[in-house]
file input_0.txt (compact mmCIF, C-alpha atoms)
# COMPACT_ATOMS: atom_id res chain seq x y z
CA MET A 1 25.84 -268.56 -71.34
CA GLN A 2 26.39 -272.06 -70.02
CA SER A 3 27.08 -273.14 -66.48
CA LEU A 4 28.86 -276.08 -64.94
CA THR A 5 26.62 -279.04 -64.14
CA ILE A 6 26.58 -279.96 -60.45
CA THR A 7 24.85 -283.27 -59.75
CA GLN A 8 23.35 -284.57 -56.51
CA ARG A 9 26.09 -287.22 -56.49
CA MET A 10 28.68 -284.40 -56.48
CA ILE A 11 26.94 -282.69 -53.57
CA ASP A 12 26.75 -285.99 -51.67
CA SER A 13 30.46 -286.54 -52.34
CA ALA A 14 31.23 -283.04 -51.05
CA LYS A 15 29.35 -283.86 -47.85
CA ASP A 16 31.25 -287.16 -47.56
CA ASN A 17 34.43 -285.06 -47.79
CA LYS A 18 33.13 -282.86 -44.93
CA ALA A 19 32.41 -279.73 -46.98
CA ALA A 20 30.55 -277.16 -44.90
CA GLY A 21 28.79 -275.36 -47.71
CA LEU A 22 28.48 -274.33 -51.32
CA LEU A 23 29.79 -270.94 -52.40
CA ARG A 24 29.02 -269.09 -55.61
CA MET A 25 32.25 -267.51 -56.84
CA ARG A 26 33.87 -266.17 -59.99
CA PRO A 27 36.02 -268.77 -61.80
CA GLU A 28 38.76 -266.11 -62.13
CA ASP A 29 38.85 -265.87 -58.31
CA PHE A 30 39.03 -269.65 -58.01
CA LEU A 31 42.02 -269.74 -60.36
CA PHE A 32 43.61 -266.73 -58.64
CA LEU A 33 43.66 -268.77 -55.41
CA THR A 34 44.75 -272.11 -56.90
CA VAL A 35 47.22 -271.48 -59.75
CA GLY A 36 50.92 -271.39 -58.95
CA SER A 37 52.31 -269.35 -61.84
CA ASP A 38 51.51 -267.92 -65.28
CA ASP A 39 53.23 -270.95 -66.87
CA HIS A 40 51.05 -273.25 -64.79
CA HIS A 41 47.93 -271.34 -65.81
CA ASP A 42 49.00 -271.58 -69.47
CA MET A 43 49.28 -275.36 -69.06
CA ILE A 44 45.78 -275.51 -67.58
CA LYS A 45 44.45 -273.45 -70.50
CA ARG A 46 46.06 -275.82 -73.01
CA HIS A 47 44.60 -278.94 -71.36
CA THR A 48 41.11 -277.65 -70.59
CA GLN A 49 38.23 -279.38 -72.34
CA PRO A 50 35.07 -277.56 -73.50
CA LEU A 51 32.46 -276.99 -70.78
CA ASP A 52 30.03 -279.30 -72.60
CA GLN A 53 32.51 -282.15 -72.13
CA TYR A 54 32.79 -281.61 -68.36
CA ASN A 55 29.00 -281.39 -68.12
CA GLU A 56 28.60 -284.64 -70.06
CA TRP A 57 31.12 -286.38 -67.80
CA ALA A 58 29.21 -285.09 -64.76
CA LYS A 59 25.90 -286.46 -66.08
CA GLN A 60 27.56 -289.82 -66.86
CA GLY A 61 29.04 -290.01 -63.35
CA VAL A 62 32.61 -289.96 -64.67
CA ILE A 63 33.30 -286.84 -62.56
CA ILE A 64 31.95 -287.26 -59.04
CA ASN A 65 33.82 -284.46 -57.23
CA MET A 66 32.65 -280.90 -57.69
CA PRO A 67 35.03 -277.94 -57.63
CA SER A 68 36.19 -277.41 -54.06
CA LEU A 69 38.47 -275.45 -51.76
CA LYS A 70 39.73 -276.43 -48.31
CA ILE A 71 40.41 -273.33 -46.21
CA SER A 72 42.51 -273.08 -43.04
CA CYS A 73 40.32 -271.59 -40.34
CA ASP A 74 42.93 -271.66 -37.56
CA GLY A 75 46.29 -271.05 -39.25
CA ASP A 76 47.51 -274.60 -38.60
CA ALA A 77 48.19 -277.07 -41.43
CA PHE A 78 49.22 -280.32 -39.73
CA GLY A 79 51.52 -278.49 -37.31
CA GLN A 80 52.84 -275.96 -39.81
CA ARG A 81 51.87 -272.29 -39.35
CA VAL A 82 49.99 -270.84 -42.32
CA GLU A 83 47.83 -267.79 -42.85
CA VAL A 84 44.31 -268.05 -41.48
CA GLY A 85 42.35 -268.27 -44.72
CA LYS A 86 45.04 -270.08 -46.72
CA VAL A 87 43.77 -272.45 -49.40
CA LEU A 88 45.15 -275.87 -48.40
CA SER A 89 43.77 -277.88 -51.31
CA HIS A 90 41.50 -277.58 -54.31
CA GLU A 91 39.67 -279.45 -57.06
CA GLY A 92 38.39 -277.99 -60.32
CA ARG A 93 40.90 -275.66 -62.01
CA HIS A 94 40.26 -277.04 -65.51
CA ARG A 95 36.50 -276.72 -65.02
CA ALA A 96 36.97 -273.14 -63.81
CA GLN A 97 38.91 -272.38 -66.97
CA SER A 98 36.24 -274.07 -69.10
CA ILE A 99 33.59 -271.80 -67.55
CA ILE A 100 35.69 -268.76 -68.46
CA ASN A 101 36.20 -270.08 -71.99
CA ALA A 102 32.42 -270.55 -72.35
CA GLY A 103 31.73 -266.98 -71.20
CA GLY A 104 30.43 -267.96 -67.76
CA ASN A 105 30.84 -265.64 -64.81
CA TYR A 106 30.35 -267.87 -61.76
CA MET A 107 30.77 -271.40 -60.46
CA ILE A 108 29.53 -273.31 -57.42
CA VAL A 109 32.36 -274.48 -55.16
CA ALA A 110 32.23 -276.83 -52.18
CA ILE A 111 33.98 -275.12 -49.26
CA THR A 112 35.61 -277.15 -46.49
CA ALA A 113 36.86 -275.74 -43.19
CA ALA A 114 40.21 -277.06 -41.96
CA PHE A 115 41.30 -277.00 -38.32
CA GLY A 116 44.79 -278.33 -37.73
CA GLY A 117 44.77 -279.17 -41.43
CA TYR A 118 41.90 -281.63 -41.01
CA ALA A 119 38.52 -281.17 -42.68
CA ARG A 120 35.69 -280.43 -40.25
CA TYR A 121 31.99 -279.85 -40.71
CA LYS A 122 31.25 -279.56 -36.98
CA ILE A 123 33.01 -277.59 -34.25
CA HIS A 124 32.66 -277.31 -30.48
CA GLU A 125 30.67 -274.36 -29.17
CA GLY A 126 33.29 -273.63 -26.52
CA PRO A 127 36.13 -275.29 -24.62
CA GLU A 128 33.94 -275.95 -21.59
CA ASP A 129 31.13 -277.40 -23.69
CA MET A 130 31.33 -280.66 -25.62
CA LYS A 131 28.26 -279.68 -27.62
CA GLN A 132 29.02 -279.47 -31.33
CA ARG A 133 27.37 -277.45 -34.07
CA TYR A 134 27.67 -277.38 -37.82
CA ILE A 135 30.17 -274.98 -39.32
CA ARG A 136 28.61 -271.81 -40.74
CA ALA A 137 29.83 -269.25 -43.25
CA SER A 138 30.67 -266.95 -40.33
CA ASP A 139 33.26 -269.49 -39.12
CA PHE A 140 35.36 -268.91 -42.24
CA PRO A 141 37.79 -266.02 -42.49
CA ALA A 142 36.69 -263.31 -44.94
CA THR A 143 40.16 -263.09 -46.51
CA TRP A 144 41.64 -266.09 -48.31
CA TYR A 145 45.24 -266.60 -49.42
CA GLY A 146 46.53 -268.47 -52.47
CA GLU A 147 47.45 -272.11 -52.19
CA PHE A 148 50.77 -271.67 -54.02
CA GLN A 149 51.13 -267.89 -54.23
CA HIS A 150 50.93 -266.74 -50.59
CA HIS A 151 50.89 -263.06 -51.59
CA ARG A 152 47.62 -263.64 -53.48
CA LYS A 153 44.90 -262.38 -51.19
CA LEU A 154 41.16 -262.30 -51.89
CA THR A 155 38.29 -260.90 -49.84
CA VAL A 156 35.44 -263.38 -50.16
CA ASP A 157 31.72 -262.61 -49.97
CA LEU A 158 30.51 -265.41 -47.71
CA SER A 159 26.92 -264.11 -47.68
CA ASN A 160 26.13 -266.31 -50.68
CA MET A 161 27.41 -269.52 -49.07
CA ARG A 162 24.70 -272.16 -48.58
CA SER A 163 25.19 -274.64 -45.77
CA LEU A 164 25.20 -278.34 -46.64
CA TRP A 165 24.19 -279.29 -43.11
CA GLY A 166 21.34 -276.96 -42.13
CA LYS A 167 21.52 -273.93 -39.89

call {"tool": "encode", "arguments": {"input": "input_0.txt", "output": "structure tokens"}}
result
Amino acid sequence: MQSLTITQRMIDSAKDNKAAGLLRMRPEDFLFLTVGSDDHHDMIKRHTQPLDQYNEWAKQGVIINMPSLKISCDGDAFGQRVEVGKVLSHEGRHRAQSIINAGGNYMIVAITAAFGGYARYKIHEGPEDMKQRYIRASDFPATWYGEFQHHRKLTVDLSNMRSLWGK
């Protein structure tokens, strides 16, 4: 069974994009949260390259962004009310499908916390304290909602999330 290549450049890019951590998740769950319809998923299946091709592009530096999800942690997406835990954006659906096609059962995904719709990797400890700390897995909601299909709801095991910024 093959896995998706994740390079140091991809991890550095995830940090540049304010990802809080890396989460091991099933590619089926990733697609469940990011695909809008069966027709859309069929289109992704038709246009997905073999996993070896994505891995070669990663090694060559052609692909510099790893699969990712941006999750609303406060229910606000640029002034619009959304579910706490709603997926606001993603990267990597074709790679998720390629992992499934290759018989893989997990993928590593960069997870970004959004407050007010904006990506954050640090938050204030409290309103009276200007001290900031890095976002931890416990700052994310345990239930996530689909980016396009709001009724799609997934309980996420955040215990296997690894921080990109330390403790």

call {"tool": "residues_near_point", "arguments": {"input": "input_0.txt", "point": "(47.2, -269.1, -42.4)", "cutoff": "9 Å", "atoms": "all atoms listed in the file", "output": "list in words"}}
result
Ile71, Ser72, Cys73, Asp74, Gly75, Asp76, Ala77, Arg81, Val82, Glu83, Val84, Gly85, Lys86, Val87, Trp144 and Tyr145 of chain A

call {"tool": "residues_near_point", "arguments": {"input": "input_0.txt", "point": "(29.3, -279.1, -38.4)", "cutoff": "6 Å", "atoms": "all atoms listed in the file", "output": "PyMOL selection string"}}
result
chain A and resi 121-123+133-135

call {"tool": "atom_distance", "arguments": {"input": "input_0.txt", "atom1": "atom CA of Gly116 of chain A", "atom2": "atom CA of Gly36 of chain A"}}
result
23.2 Å

call {"tool": "atom_distance", "arguments": {"input": "input_0.txt", "atom1": "atom CA of Met66 of chain A", "atom2": "atom CA of Pro141 of chain A"}}
result
21.9 Å

call {"tool": "axis_aligned_box", "arguments": {"input": "input_0.txt", "around": "segment 7-13 of chain A", "padding_each_side": "5 Å", "output": "JSON"}}
result
{"center_x": 26.9, "center_y": -285.0, "center_z": -55.7, "size_x": 17.1, "size_y": 14.5, "size_z": 18.1}

call {"tool": "closest_residue", "arguments": {"input": "input_0.txt", "among": "A:Ala142, A:Ala58, A:Ile63, A:Leu31", "to": "Arg93 of chain A", "atoms": "only C-alpha atoms"}}
result
A:Leu31

call {"tool": "atom_distance", "arguments": {"input": "input_0.txt", "atom1": "atom CA of Thr5 of chain A", "atom2": "atom CA of Asp52 of chain A"}}
result
9.1 Å

call {"tool": "residues_around", "arguments": {"input": "input_0.txt", "residues": "Leu23 of chain A", "least_positions_apart": "2", "cutoff": "7 Å", "atoms": "only C-alpha atoms", "output": "count of residues only"}}
result
9

call {"tool": "closest_residue", "arguments": {"input": "input_0.txt", "among": "A:Gln97, A:Asn17, A:Gln149, A:Thr112", "to": "His41 of chain A", "atoms": "all atoms listed in the file"}}
result
A:Gln97

call {"tool": "closest_residue", "arguments": {"input": "input_0.txt", "among": "A:Arg136, A:His47, A:His124, A:Lys18", "to": "Lys70 of chain A", "atoms": "only C-alpha atoms"}}
result
A:Lys18

call {"tool": "closest_residue", "arguments": {"input": "input_0.txt", "among": "A:Met43, A:Arg152, A:Leu22, A:Ser89", "to": "Tyr118 of chain A", "atoms": "all atoms listed in the file"}}
result
A:Ser89

call {"tool": "closest_residue", "arguments": {"input": "input_0.txt", "among": "A:Ser138, A:Gln2, A:Thr7, A:Asn105", "to": "Pro67 of chain A", "atoms": "all atoms listed in the file"}}
result
A:Thr7

call {"tool": "decode", "arguments": {"input": "input_0.txt", "residues": "segment 27-41 of chain A", "atoms": "C-alpha atoms", "output": "PDB file, in the first residue's frame"}}
result
ATOM      1  CA  PRO A  27      -9.316  10.067   2.565  1.00  0.00           C
ATOM      2  CA  GLU A  28     -13.008   9.078   2.453  1.00  0.00           C
ATOM      3  CA  ASP A  29     -13.639  11.457   5.383  1.00  0.00           C
ATOM      4  CA  PHE A  30     -11.713  14.225   3.640  1.00  0.00           C
ATOM      5  CA  LEU A  31     -13.867  13.817   0.525  1.00  0.00           C
ATOM      6  CA  PHE A  32     -17.046  13.526   2.622  1.00  0.00           C
ATOM      7  CA  LEU A  33     -16.300  17.015   3.990  1.00  0.00           C
ATOM      8  CA  THR A  34     -15.183  18.646   0.733  1.00  0.00           C
ATOM      9  CA  VAL A  35     -17.248  17.257  -2.166  1.00  0.00           C
ATOM     10  CA  GLY A  36     -20.437  19.049  -3.143  1.00  0.00           C
ATOM     11  CA  SER A  37     -22.392  16.305  -4.894  1.00  0.00           C
ATOM     12  CA  ASP A  38     -22.156  12.816  -6.396  1.00  0.00           C
ATOM     13  CA  ASP A  39     -21.709  14.399  -9.845  1.00  0.00           C
ATOM     14  CA  HIS A  40     -18.863  16.505  -8.497  1.00  0.00           C
ATOM     15  CA  HIS A  41     -17.243  13.442  -6.937  1.00  0.00           C
TER      16      HIS A  41
END
